[in-house]
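Participant: Input upload_6.csv, format and content: CSV, C-alpha atoms.
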```csv
chain,number,residue,atom,x,y,z
A,1,MET,CA,74.0,131.8,77.7
A,2,LYS,CA,77.7,131.5,78.0
A,3,THR,CA,77.7,133.6,81.1
A,4,LYS,CA,75.1,131.3,82.8
A,5,LEU,CA,77.1,128.2,81.9
A,6,PHE,CA,80.2,129.9,83.3
A,7,LEU,CA,78.4,130.8,86.6
A,8,PHE,CA,77.0,127.2,86.9
A,9,ALA,CA,80.4,125.7,86.3
A,10,PHE,CA,81.9,128.0,88.9
A,11,MET,CA,79.3,127.1,91.5
A,12,VAL,CA,79.8,123.4,90.9
A,13,SER,CA,83.6,123.7,91.1
A,14,SER,CA,83.3,125.7,94.3
A,15,CYS,CA,81.5,122.7,95.9
A,16,LEU,CA,84.1,120.2,94.7
A,17,PHE,CA,87.3,121.9,95.8
A,18,ALA,CA,88.7,123.4,99.0
A,19,GLN,CA,88.1,127.1,99.5
A,20,ARG,CA,90.7,129.6,100.6
A,21,THR,CA,89.4,132.6,102.5
A,22,PRO,CA,91.7,135.6,103.4
A,23,GLU,CA,90.9,136.7,106.9
A,24,THR,CA,91.9,139.8,109.0
A,25,ILE,CA,91.7,140.1,112.7
A,26,GLU,CA,92.3,143.2,114.9
A,27,SER,CA,94.4,141.9,117.7
A,28,LYS,CA,94.5,143.8,121.0
A,29,LYS,CA,98.0,142.4,121.5
A,30,LEU,CA,99.5,142.7,117.9
A,31,GLY,CA,97.3,145.1,115.9
A,32,THR,CA,96.1,144.0,112.5
A,33,ARG,CA,97.0,140.4,111.5
A,34,THR,CA,96.2,138.5,108.4
A,35,PHE,CA,95.8,134.8,107.8
A,36,THR,CA,94.2,132.4,105.4
A,37,VAL,CA,91.6,129.8,106.2
A,38,VAL,CA,91.3,126.8,103.9
A,39,THR,CA,88.1,124.8,104.3
A,40,PRO,CA,87.9,121.2,102.8
A,41,ALA,CA,85.9,120.2,99.8
A,42,SER,CA,83.0,118.8,101.8
A,43,TYR,CA,82.6,121.9,104.0
A,44,ALA,CA,79.8,123.5,102.0
A,45,THR,CA,77.9,120.3,101.2
A,46,SER,CA,78.1,118.7,104.7
A,47,PRO,CA,76.8,121.4,107.1
A,48,GLU,CA,76.5,118.8,109.9
A,49,LYS,CA,80.2,118.0,109.8
A,50,SER,CA,82.9,119.6,111.9
A,51,TYR,CA,86.7,119.3,111.3
A,52,PRO,CA,90.1,119.1,113.1
A,53,THR,CA,92.4,122.1,112.5
A,54,LEU,CA,96.0,122.6,111.4
A,55,LEU,CA,97.6,125.9,112.3
A,56,ILE,CA,100.5,126.6,110.0
A,57,LEU,CA,103.1,129.2,111.0
A,58,ASP,CA,105.1,130.8,108.1
A,59,GLY,CA,101.8,130.3,106.2
A,60,GLU,CA,102.9,132.2,103.1
A,61,TYR,CA,105.3,129.3,102.0
A,62,LEU,CA,104.2,126.3,104.1
A,63,LEU,CA,100.5,126.4,103.1
A,64,ASP,CA,100.8,125.1,99.6
A,65,PRO,CA,102.9,121.9,100.4
A,66,PHE,CA,100.7,121.1,103.5
A,67,GLU,CA,97.4,121.7,101.5
A,68,GLY,CA,98.7,119.6,98.6
A,69,ILE,CA,99.4,116.5,100.8
A,70,LEU,CA,96.2,116.9,102.8
A,71,LYS,CA,94.1,117.2,99.6
A,72,TYR,CA,95.8,114.2,98.1
A,73,GLY,CA,95.4,112.0,101.2
A,74,ALA,CA,91.7,113.1,101.6
A,75,TYR,CA,91.0,112.2,98.0
A,76,TRP,CA,92.0,108.5,98.7
A,77,ASP,CA,90.4,108.7,102.2
A,78,ASP,CA,93.9,108.1,103.6
A,79,LEU,CA,93.7,111.3,105.7
A,80,PRO,CA,90.8,113.2,107.3
A,81,GLU,CA,89.6,116.4,105.8
A,82,MET,CA,90.6,119.4,108.0
A,83,ILE,CA,90.5,123.1,108.3
A,84,ILE,CA,93.9,124.8,107.7
A,85,ILE,CA,94.7,128.2,109.3
A,86,ALA,CA,97.9,129.7,107.7
A,87,VAL,CA,99.3,132.7,109.6
A,88,ASN,CA,101.1,135.3,107.5
A,89,GLN,CA,104.5,136.2,109.1
A,90,ASN,CA,106.9,136.7,106.2
A,91,TYR,CA,106.9,140.4,105.9
A,92,GLY,CA,109.6,142.6,107.5
A,93,GLU,CA,110.8,141.1,110.7
A,94,THR,CA,107.4,139.7,111.7
A,95,ARG,CA,108.3,136.0,112.1
A,96,PHE,CA,111.3,136.9,114.3
A,97,ALA,CA,109.3,139.3,116.4
A,98,ASP,CA,106.5,136.7,116.8
A,99,SER,CA,109.1,134.2,118.0
A,100,GLU,CA,111.0,136.4,120.5
A,101,PHE,CA,112.2,134.8,123.7
A,102,ASP,CA,114.3,135.9,126.7
A,103,GLU,CA,117.7,134.7,127.9
A,104,ALA,CA,116.0,132.1,130.0
A,105,GLY,CA,114.4,130.6,127.0
A,106,PHE,CA,110.8,131.7,127.5
A,107,PRO,CA,108.5,133.8,125.2
A,108,SER,CA,109.0,137.5,125.9
A,109,GLY,CA,107.9,140.9,124.4
A,110,THR,CA,106.2,140.4,121.0
A,111,GLY,CA,106.8,136.7,121.2
A,112,ALA,CA,104.7,136.5,124.4
A,113,ASN,CA,102.1,138.6,122.7
A,114,PHE,CA,102.0,136.3,119.7
A,115,PHE,CA,101.8,133.3,121.9
A,116,GLU,CA,98.7,134.7,123.6
A,117,PHE,CA,97.3,135.9,120.3
A,118,ILE,CA,97.1,132.3,119.0
A,119,GLY,CA,95.3,130.9,122.0
A,120,GLN,CA,93.2,133.9,123.2
A,121,GLU,CA,92.3,135.7,119.9
A,122,LEU,CA,92.9,133.6,116.8
A,123,TYR,CA,91.5,130.3,117.9
A,124,PRO,CA,88.4,131.7,119.6
A,125,TYR,CA,87.7,133.6,116.3
A,126,VAL,CA,88.2,130.4,114.2
A,127,ASP,CA,86.2,128.2,116.5
A,128,LYS,CA,83.3,130.7,116.4
A,129,THR,CA,83.4,131.3,112.7
A,130,TYR,CA,84.1,127.8,111.4
A,131,ARG,CA,82.9,124.3,112.3
A,132,THR,CA,85.9,122.9,114.3
A,133,ILE,CA,86.5,120.1,116.7
A,134,PRO,CA,89.1,120.2,119.5
A,135,PHE,CA,91.8,118.1,117.7
A,136,ARG,CA,94.4,120.7,116.8
A,137,MET,CA,97.8,120.5,115.0
A,138,ILE,CA,100.5,123.1,114.6
A,139,ALA,CA,103.5,123.3,112.2
A,140,GLY,CA,106.4,125.6,111.8
A,141,HIS,CA,109.9,125.8,110.1
A,142,ASP,CA,113.2,126.8,111.8
A,143,THR,CA,112.4,129.9,113.9
A,144,THR,CA,108.6,129.2,114.0
A,145,ALA,CA,109.2,125.5,114.6
A,146,GLY,CA,111.2,126.4,117.7
A,147,PHE,CA,108.5,128.8,118.8
A,148,MET,CA,105.6,126.4,118.5
A,149,ASN,CA,107.3,124.2,121.2
A,150,PHE,CA,106.5,126.8,123.8
A,151,TYR,CA,102.9,125.5,123.8
A,152,LEU,CA,104.2,122.3,125.3
A,153,TYR,CA,105.4,124.2,128.3
A,154,LYS,CA,101.7,124.5,129.4
A,155,ASP,CA,100.1,121.8,131.6
A,156,ASN,CA,97.2,121.5,129.2
A,157,PRO,CA,98.6,122.4,125.7
A,158,ILE,CA,96.1,123.7,123.3
A,159,PHE,CA,97.5,121.5,120.5
A,160,ASN,CA,97.4,117.8,120.1
A,161,ALA,CA,100.0,117.4,117.4
A,162,TYR,CA,103.3,119.2,116.7
A,163,ILE,CA,105.2,119.2,113.4
A,164,SER,CA,108.7,120.7,114.0
A,165,LEU,CA,110.7,121.3,110.8
A,166,ALA,CA,114.4,122.1,111.3
A,167,PRO,CA,113.7,123.8,114.6
A,168,GLU,CA,115.9,126.7,115.9
A,169,MET,CA,115.5,126.2,119.6
A,170,ALA,CA,115.4,128.6,122.5
A,171,PRO,CA,117.9,127.9,125.4
A,172,GLU,CA,117.2,124.6,127.3
A,173,MET,CA,114.4,123.7,124.9
A,174,GLU,CA,116.0,120.4,123.9
A,175,LYS,CA,115.7,119.4,127.6
A,176,ARG,CA,112.4,121.1,128.5
A,177,ILE,CA,110.4,119.5,125.6
A,178,ALA,CA,111.3,116.0,126.8
A,179,GLU,CA,110.5,116.9,130.4
A,180,ARG,CA,107.1,118.2,129.4
A,181,LEU,CA,106.3,115.3,127.2
A,182,ALA,CA,107.1,112.9,130.1
A,183,LYS,CA,104.6,114.7,132.3
A,184,ILE,CA,101.7,115.7,130.1
A,185,THR,CA,98.8,113.2,130.3
A,186,LYS,CA,96.9,114.5,127.3
A,187,PRO,CA,97.4,112.3,124.2
A,188,LEU,CA,100.0,114.0,122.0
A,189,PHE,CA,101.8,113.5,118.7
A,190,TYR,CA,105.3,115.0,118.2
A,191,TYR,CA,107.2,115.0,114.9
A,192,GLN,CA,110.6,116.4,114.3
A,193,ALA,CA,112.6,116.6,111.0
A,194,THR,CA,116.1,117.7,110.2
A,195,GLY,CA,118.3,117.6,107.0
A,196,GLU,CA,121.9,116.4,106.8
A,197,GLY,CA,122.9,119.6,105.0
A,198,ASP,CA,121.4,122.0,107.6
A,199,LEU,CA,123.2,124.2,110.1
A,200,LYS,CA,125.3,122.3,112.7
A,201,GLU,CA,123.6,124.0,115.6
A,202,ILE,CA,120.1,123.0,114.4
A,203,ASN,CA,121.1,119.4,113.9
A,204,GLU,CA,123.0,119.1,117.2
A,205,LYS,CA,120.1,120.4,119.3
A,206,ALA,CA,117.6,118.3,117.4
A,207,ALA,CA,119.7,115.2,117.9
A,208,GLU,CA,119.9,116.0,121.7
A,209,LEU,CA,116.2,116.4,121.9
A,210,ASP,CA,115.7,113.1,120.0
A,211,ALA,CA,117.9,111.3,122.5
A,212,ASN,CA,116.1,112.9,125.4
A,213,ILE,CA,112.6,111.9,124.1
A,214,LYS,CA,113.7,108.4,123.3
A,215,ALA,CA,115.0,108.0,126.9
A,216,ILE,CA,111.5,108.7,128.4
A,217,PRO,CA,110.2,105.4,130.0
A,218,ASN,CA,106.6,104.3,129.4
A,219,ALA,CA,105.9,107.1,126.9
A,220,THR,CA,102.2,107.9,126.5
A,221,PHE,CA,102.7,110.1,123.4
A,222,LYS,CA,103.5,109.2,119.8
A,223,TYR,CA,106.9,110.3,118.5
A,224,LEU,CA,108.8,110.2,115.3
A,225,ASN,CA,112.1,111.8,114.3
A,226,ASP,CA,113.3,112.0,110.7
A,227,ALA,CA,116.9,112.9,109.8
A,228,PHE,CA,117.0,113.1,106.0
A,229,LYS,CA,120.3,112.3,104.4
A,230,GLY,CA,121.3,114.7,101.7
A,231,ALA,CA,118.5,117.1,102.5
A,232,SER,CA,119.0,120.9,102.9
A,233,HIS,CA,117.3,123.3,105.3
A,234,TYR,CA,114.7,123.8,102.6
A,235,SER,CA,114.4,120.5,100.8
A,236,LEU,CA,113.7,118.6,104.1
A,237,VAL,CA,110.4,120.4,104.3
A,238,ALA,CA,109.1,118.7,101.1
A,239,LYS,CA,110.2,115.3,102.4
A,240,ALA,CA,109.0,115.8,106.0
A,241,ILE,CA,105.4,117.0,105.4
A,242,PRO,CA,103.9,113.8,104.1
A,243,ASN,CA,105.8,111.8,106.6
A,244,ALA,CA,104.5,113.9,109.5
A,245,ILE,CA,100.9,113.9,108.4
A,246,TYR,CA,100.8,110.2,107.7
A,247,PHE,CA,102.6,109.5,111.0
A,248,ILE,CA,100.0,111.5,113.0
A,249,PHE,CA,97.1,109.8,111.2
A,250,ASP,CA,98.6,106.3,111.1
A,251,GLY,CA,95.7,103.8,111.3
A,252,TYR,CA,93.2,106.2,109.8
A,253,GLN,CA,93.5,104.6,106.4
A,254,PRO,CA,91.1,102.0,105.1
A,255,ILE,CA,92.1,98.3,105.5
A,256,SER,CA,94.7,97.5,102.8
A,257,MET,CA,95.5,94.2,101.2
A,258,VAL,CA,98.7,94.0,103.3
A,259,GLU,CA,96.7,94.5,106.5
A,260,PHE,CA,94.1,92.0,105.4
A,261,GLN,CA,96.7,89.3,104.5
A,262,ASP,CA,99.2,89.9,107.4
A,263,LYS,CA,96.8,90.7,110.2
A,264,ILE,CA,93.2,89.9,109.7
A,265,LEU,CA,93.3,86.6,107.9
A,266,LYS,CA,95.8,85.3,110.5
A,267,LEU,CA,93.3,85.8,113.4
A,268,ASP,CA,91.9,82.7,115.0
A,269,ALA,CA,88.7,84.6,115.8
A,270,GLY,CA,87.5,88.2,116.5
A,271,TYR,CA,87.1,89.4,112.9
A,272,ALA,CA,84.2,91.6,113.7
A,273,ASP,CA,85.9,92.8,116.9
A,274,TYR,CA,88.8,94.0,114.7
A,275,ILE,CA,86.8,96.6,112.8
A,276,ILE,CA,85.0,97.7,116.0
A,277,ALA,CA,88.4,98.1,117.8
A,278,LYS,CA,89.8,100.0,114.8
A,279,TYR,CA,87.2,102.7,114.8
A,280,ASP,CA,86.9,102.9,118.6
A,281,GLU,CA,90.7,103.5,118.7
A,282,LEU,CA,90.5,106.2,116.0
A,283,GLU,CA,87.8,108.0,118.0
A,284,LYS,CA,89.8,107.8,121.2
A,285,ARG,CA,93.0,109.0,119.5
A,286,PHE,CA,91.6,111.9,117.5
A,287,GLY,CA,88.5,112.8,119.4
A,288,PHE,CA,86.1,112.7,116.5
A,289,LYS,CA,83.9,110.0,115.1
A,290,ILE,CA,84.8,108.3,111.8
A,291,LYS,CA,82.0,106.4,110.1
A,292,PRO,CA,83.2,102.8,109.4
A,293,ARG,CA,84.0,102.5,105.7
A,294,LEU,CA,82.0,100.1,103.5
A,295,SER,CA,85.3,98.7,102.1
A,296,ASP,CA,86.3,97.8,105.7
A,297,PHE,CA,83.1,95.9,106.2
A,298,LYS,CA,83.8,94.1,103.0
A,299,ALA,CA,87.3,93.1,104.1
A,300,ILE,CA,86.0,91.7,107.4
A,301,GLU,CA,83.3,89.8,105.7
A,302,ALA,CA,85.8,88.3,103.3
A,303,ALA,CA,87.9,87.1,106.2
A,304,ILE,CA,84.9,85.6,108.0
A,305,LEU,CA,83.9,83.7,104.9
A,306,LYS,CA,87.4,82.6,104.1
A,307,ASN,CA,87.8,81.2,107.6
A,308,LYS,CA,84.2,79.9,107.8
A,309,ALA,CA,83.7,81.8,111.0
A,310,TYR,CA,80.0,82.3,110.0
A,311,ASP,CA,78.8,83.2,113.6
A,312,GLU,CA,80.8,86.4,113.4
A,313,LEU,CA,78.5,87.6,110.6
A,314,GLN,CA,76.0,88.3,113.4
A,315,ASN,CA,78.3,90.7,115.2
A,316,LEU,CA,79.3,92.3,112.0
A,317,GLY,CA,75.7,92.8,111.1
A,318,GLU,CA,74.9,94.4,114.5
A,319,TYR,CA,77.8,96.8,113.9
A,320,ALA,CA,76.5,97.6,110.4
A,321,ASP,CA,73.0,98.3,111.8
A,322,LYS,CA,74.5,100.7,114.3
A,323,HIS,CA,76.2,102.9,111.7
A,324,TYR,CA,73.9,102.3,108.6
A,325,PRO,CA,70.6,101.6,110.3
A,326,LYS,CA,68.3,102.3,107.3
A,327,SER,CA,70.3,100.5,104.7
A,328,THR,CA,70.5,96.9,103.5
A,329,LEU,CA,73.9,96.5,105.0
A,330,GLY,CA,73.0,94.8,108.3
A,331,THR,CA,70.2,92.8,106.7
A,332,TYR,CA,72.6,91.4,104.1
A,333,HIS,CA,75.0,90.1,106.8
A,334,ARG,CA,72.2,88.7,108.8
A,335,ALA,CA,70.8,86.9,105.7
A,336,LEU,CA,74.2,85.7,104.7
A,337,TYR,CA,74.7,84.2,108.2
A,338,PHE,CA,71.5,82.2,107.8
A,339,GLU,CA,72.4,81.2,104.3
A,340,LYS,CA,75.9,80.0,105.2
A,341,THR,CA,74.6,78.0,108.2
A,342,GLY,CA,71.9,76.3,106.1
A,343,ASN,CA,68.8,78.0,107.5
A,344,TYR,CA,67.5,79.0,104.0
A,345,LYS,CA,64.0,79.9,105.1
A,346,LYS,CA,65.2,82.5,107.5
A,347,ALA,CA,67.8,83.7,104.9
A,348,ILE,CA,65.1,84.2,102.3
A,349,LYS,CA,63.0,86.3,104.8
A,350,MET,CA,66.0,88.4,105.6
A,351,TYR,CA,66.9,89.0,102.0
A,352,GLN,CA,63.3,90.0,101.3
A,353,ARG,CA,63.4,92.6,104.1
A,354,ALA,CA,65.6,94.7,101.7
A,355,PHE,CA,62.4,95.7,99.9
A,356,THR,CA,61.7,98.3,102.6
A,357,GLN,CA,65.3,99.5,103.1
A,358,GLU,CA,67.7,101.8,101.4
A,359,PRO,CA,70.2,100.3,99.0
A,360,ILE,CA,73.9,100.7,99.7
A,361,ARG,CA,76.5,100.3,97.0
A,362,GLU,CA,75.9,97.0,95.2
A,363,LEU,CA,73.5,95.8,97.9
A,364,THR,CA,70.5,96.9,95.9
A,365,LYS,CA,66.9,95.7,96.4
A,366,ASP,CA,67.2,93.6,93.2
A,367,PHE,CA,70.5,92.1,94.4
A,368,MET,CA,68.9,91.1,97.7
A,369,LEU,CA,65.7,89.8,96.2
A,370,ASN,CA,67.6,87.8,93.6
A,371,ARG,CA,69.6,86.1,96.5
A,372,ALA,CA,66.3,85.2,98.1
A,373,GLU,CA,64.9,83.8,94.8
A,374,ALA,CA,68.1,81.6,94.4
A,375,LEU,CA,67.5,79.9,97.7
A,376,LYS,CA,63.8,79.0,97.2
A,377,ASP,CA,64.4,75.4,96.1
A,378,LYS,CA,66.9,74.6,98.9
A,379,GLU,CA,65.9,72.7,102.0
A,380,ASP,CA,67.2,73.7,105.4
A,381,LYS,CA,70.1,71.7,106.6
A,382,PRO,CA,69.3,69.5,109.7
A,383,THR,CA,71.5,71.6,111.9
A,384,GLU,CA,71.1,73.2,115.3
A,385,GLU,CA,68.5,76.0,115.5
A,386,VAL,CA,70.1,79.4,114.8
A,387,PRO,CA,69.0,82.7,116.3
A,388,ALA,CA,66.4,84.6,114.3
A,389,GLU,CA,67.7,88.1,114.4
A,390,VAL,CA,71.2,89.5,113.5
A,391,PRO,CA,72.7,92.2,111.3
A,392,ALA,CA,74.9,92.1,108.1
A,393,ASP,CA,77.1,93.9,105.5
A,394,THR,CA,79.1,93.8,102.3
A,395,PRO,CA,80.1,91.5,99.4
A,396,THR,CA,82.5,88.6,99.7
A,397,GLU,CA,85.5,89.9,97.8
A,398,GLU,CA,88.9,90.6,99.5
A,399,PRO,CA,90.0,94.2,99.7
A,400,THR,CA,91.9,95.7,96.9
A,401,GLU,CA,95.0,97.8,97.7
A,402,LYS,CA,92.9,100.9,97.6
A,403,THR,CA,89.2,100.5,98.0
A,404,GLU,CA,86.4,103.0,98.2
```
How does the structure come out when it is put into structure tokens?
Facilitator:
Amino acid sequence: MKTKLFLFAFMVSSCLFAQRTPETIESKKLGTRTFTVVTPASYATSPEKSYPTLLILDGEYLLDPFEGILKYGAYWDDLPEMIIIAVNQNYGETRFADSEFDEAGFPSGTGANFFEFIGQELYPYVDKTYRTIPFRMIAGHDTTAGFMNFYLYKDNPIFNAYISLAPEMAPEMEKRIAERLAKITKPLFYYQATGEGDLKEINEKAAELDANIKAIPNATFKYLNDAFKGASHYSLVAKAIPNAIYFIFDGYQPISMVEFQDKILKLDAGYADYIIAKYDELEKRFGFKIKPRLSDFKAIEAAILKNKAYDELQNLGEYADKHYPKSTLGTYHRALYFEKTGNYKKAIKMYQRAFTQEPIRELTKDFMLNRAEALKDKEDKPTEEVPAEVPADTPTEEPTEKTE
């Protein structure tokens, strides 16, 4: 009996937490190479879902801090879940051989082989074996941070985001990176971090690169440089990783109370357009669809009601129907629109439609039918005729600092 309970507990826990899978690949260029693939908590339970990827060089010691931040952010829905690929390089002279370059500052020898291994062998294997989407990130530290910049030398880099931690740069790299960033049209994110207590050469080259990037006019990429005071070559890593990840996924987070108060409530109009634009921009930036959060619908509804912009409940309802078509969400907003504009008969009919729909959060069938019952004794206001069909969404409270 105890054995059965243990196996059941193990199976349940396997579905709730990210899974680490040691992998081996026989490379034509490098021989046997090992790496670890970490799939997110929802991977096993959401077979229809695909994920962005993060490739971590120096995987033996960088995997844990990256995984910790990503799991924490995903728990609060501040960061998307992703597949992590951590490449093992910290045995013998492997990381230095993998990062080899010539006097001109370009990959050579085993460095050139490792460069091609990532794009021609490792990623094809990962994409075939796991459910990935094209949004790719790469991260490295000192030697490997410098090496990962070589991918920017290509006209169509295979990575969308770069996390460079205390980079040891090849010759002319501080100039070439800026030149490439100015020419590449693909949307990119570039993050660099240094520590005050690091080697003088690392900090000087990083500062020069920072100046060169900031001098680029009309930049089409996203860039952030962190120079941490008092940080060493190693401690800067712990400071930089959360900054880097949250920089890349800025705007992904649910609507916060600050955003609600400082941006949304101050709008003269276009409250529904705000949430539509938010998720359209996220899809454009990252290349994957993000289902609009119910807490964000709730925030927009609260702004509409507070500013008495009731007509916008129609647009919000249409948007809700698009993403939650079988639920009561759109019907609720449609009914709320009729209720707030005094067309109680139509509001009652709308609320009653919930009987054939799927409940969503607190918008249960009982909740909707009780709203209809509460309006039965009210007479329609002698106002202008309102349209008969429109969608709807969530309750009327303002967002909390961290909702759903």
Participant: Would you write out, as JSON lines, a table of all residues in range 232-289 of chain A that have an atom no more than 7 Å from an atom of range 73-87 of chain A, listing for each the closest atom pair and the distance in Å to one decimal, considering all atoms listed in the file and ordering rows by chain and rising residue number?
Facilitator:
```
{"residue": "A:Phe249", "atom": "CA", "partner": "A:Leu79", "partner_atom": "CA", "distance": 6.6}
{"residue": "A:Tyr252", "atom": "CA", "partner": "A:Asp78", "partner_atom": "CA", "distance": 6.5}
{"residue": "A:Gln253", "atom": "CA", "partner": "A:Asp78", "partner_atom": "CA", "distance": 4.5}
{"residue": "A:Pro254", "atom": "CA", "partner": "A:Asp78", "partner_atom": "CA", "distance": 6.9}
```
Participant: Mind pulling up the distance from CA of Thr144 in chain A to CA of Leu236 in chain A?
Facilitator: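 Answer for the CA of Leu236 in chain A to CA of Thr144 in chain A separation: 15.4 Å.
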Participant: Distance CA of Asp262 in chain A-CA of Asp296 in chain A, one decimal place?
Facilitator: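 Spanning CA of Asp262 in chain A to CA of Asp296 in chain A is a straight-line distance of 15.2 Å.
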Participant: Report as a list in words all protein, DNA and RNA residues lying within 10 Å of Ile138 in chain A, evaluated on all atoms listed in the file, omitting residues in the same chain fewer than 3 positions from it.
Facilitator: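 Counting all atoms listed in the file, the residues come to Thr53, Leu54, Leu55, Ile56, Leu57, Ile84, Ile85, Ala86, Ala145, Met148, Asn149, Tyr151, Ile158, Phe159, Asn160, Ala161, Tyr162, Ile163 and Ser164 of chain A.
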Participant: Interatomic distance between CA of Phe189 in chain A and CA of Pro52 in chain A?
Facilitator: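 Going from CA of Phe189 in chain A over to CA of Pro52 in chain A covers 14.1 Å.
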Participant: Find, counting only C-alpha atoms, the residue in A:Ile248, A:Leu152, A:Ala374, A:Leu363 that gets nearest to Ile348 in chain A.
Facilitator: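 Comparing A:Ile248, A:Leu152, A:Ala374, A:Leu363 against Ile348 in chain A, the winner is A:Ala374.
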Participant: Set the distance at 12 Å and use all atoms listed in the file: which residues neighbour Lys186 in chain A once local chain neighbours fewer than 6 positions away are removed? I'd like the list as a short mmCIF file (atom, residue, chain, number, x, y, z; two decimals) with C-alpha atoms, keeping the file's coordinate frame.
Facilitator:
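Result saved to result-v4.cif:
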```
data_model
loop_
_atom_site.label_atom_id
_atom_site.label_comp_id
_atom_site.auth_asym_id
_atom_site.auth_seq_id
_atom_site.Cartn_x
_atom_site.Cartn_y
_atom_site.Cartn_z
CA PHE A 135 91.80 118.10 117.70
CA LEU A 152 104.20 122.30 125.30
CA LYS A 154 101.70 124.50 129.40
CA ASP A 155 100.10 121.80 131.60
CA ASN A 156 97.20 121.50 129.20
CA PRO A 157 98.60 122.40 125.70
CA ILE A 158 96.10 123.70 123.30
CA PHE A 159 97.50 121.50 120.50
CA ASN A 160 97.40 117.80 120.10
CA ALA A 161 100.00 117.40 117.40
CA ARG A 180 107.10 118.20 129.40
CA ALA A 219 105.90 107.10 126.90
CA THR A 220 102.20 107.90 126.50
CA PHE A 221 102.70 110.10 123.40
CA LYS A 222 103.50 109.20 119.80
CA LYS A 284 89.80 107.80 121.20
CA ARG A 285 93.00 109.00 119.50
CA PHE A 286 91.60 111.90 117.50
CA GLY A 287 88.50 112.80 119.40
#
```
Participant: List the neighbours of Ala269 in chain A out to 10 Å using all atoms listed in the file; skip same-chain residues closer than 5 positions along the sequence, and give me the result as JSON, numbers by chain.
Facilitator: {"A": [264, 274, 303, 304, 307, 309, 312]}
Participant: For each of A:Ile360, A:Leu294, A:Leu265, A:Val38, take the minimum atom-to-atom distance to Phe66 in chain A, counting only C-alpha atoms, then give the residue where this is smallest.
Facilitator: A:Val38
Participant: With distances taken over all atoms listed in the file, which of A:Glu339, A:Lys298, A:Gly197, A:Met173 is nearest to Asn212 in chain A?
Facilitator: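 Looking only at the distances to Asn212 in chain A, the closest residue turns out to be A:Met173.
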Participant: Which residues are near Phe114 in chain A? Cut-off 10 Å, only C-alpha atoms, ignore same chain within fewer than 4 positions. Put them as a ChimeraX atom specification.
Facilitator: /A:27,29-30,95,97-100,107-110,118-122,147
Participant: Go ahead and find all residues with at least one atom no further than 10 Å from (118.4, 114.6, 118.8) in the file's coordinates, using only C-alpha atoms; report them as a CSV table (one decimal) with C-alpha atoms, keeping the file's coordinate frame.
Facilitator:
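The file below, result-v1.csv, is the result:
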```
chain,number,residue,atom,x,y,z
A,174,GLU,CA,116.0,120.4,123.9
A,192,GLN,CA,110.6,116.4,114.3
A,193,ALA,CA,112.6,116.6,111.0
A,194,THR,CA,116.1,117.7,110.2
A,202,ILE,CA,120.1,123.0,114.4
A,203,ASN,CA,121.1,119.4,113.9
A,204,GLU,CA,123.0,119.1,117.2
A,205,LYS,CA,120.1,120.4,119.3
A,206,ALA,CA,117.6,118.3,117.4
A,207,ALA,CA,119.7,115.2,117.9
A,208,GLU,CA,119.9,116.0,121.7
A,209,LEU,CA,116.2,116.4,121.9
A,210,ASP,CA,115.7,113.1,120.0
A,211,ALA,CA,117.9,111.3,122.5
A,212,ASN,CA,116.1,112.9,125.4
A,213,ILE,CA,112.6,111.9,124.1
A,214,LYS,CA,113.7,108.4,123.3
A,225,ASN,CA,112.1,111.8,114.3
A,226,ASP,CA,113.3,112.0,110.7
A,227,ALA,CA,116.9,112.9,109.8
```
Participant: May I ask which of the residues A:Ile177, A:Ala231, A:Ala112, A:Leu313 is the closest one to Asp273 in chain A, counting all atoms listed in the file?
Facilitator: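 Distance minimum relative to Asp273 in chain A lands on A:Leu313.
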Participant: Compute the distance from (85.6, 133.0, 102.4) to each atom, counting only C-alpha atoms, keep the residues with any atom at most 9 Å away, and return them as a list in words; use the coordinates of the file.
Facilitator: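 Output: Gln19, Arg20, Thr21, Pro22, Glu23, Val37, Val38 and Thr39 of chain A.
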Participant: Any chance you could export the current selection's C-alpha atoms as a JSON list (two decimals), keeping the file's coordinate frame?
Facilitator:
```json
[["chain", "number", "residue", "atom", "x", "y", "z"],
["A", 19, "GLN", "CA", 88.10, 127.10, 99.50],
["A", 20, "ARG", "CA", 90.70, 129.60, 100.60],
["A", 21, "THR", "CA", 89.40, 132.60, 102.50],
["A", 22, "PRO", "CA", 91.70, 135.60, 103.40],
["A", 23, "GLU", "CA", 90.90, 136.70, 106.90],
["A", 37, "VAL", "CA", 91.60, 129.80, 106.20],
["A", 38, "VAL", "CA", 91.30, 126.80, 103.90],
["A", 39, "THR", "CA", 88.10, 124.80, 104.30]]
```
Participant: Counting only C-alpha atoms, what is within 9 Å of Lys289 in chain A, bar same-chain residues fewer than 4 positions away, as a list in words?
Facilitator: Tyr279, Asp280, Leu282, Glu283 and Lys284 of chain A
Participant: Let me make sure I understand: among A:Arg371, A:Tyr123, A:Tyr91, A:Ser46, which one has the smallest atom-to-atom distance to Ile25 in chain A if we use only C-alpha atoms?
Facilitator: A:Tyr123
Participant: Just checking: using all atoms listed in the file, which residue out of A:Lys376, A:His141, A:Lys381, A:Lys326 ends up closest to Thr356 in chain A?
Facilitator: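 Comparing A:Lys376, A:His141, A:Lys381, A:Lys326 against Thr356 in chain A, the winner is A:Lys326.
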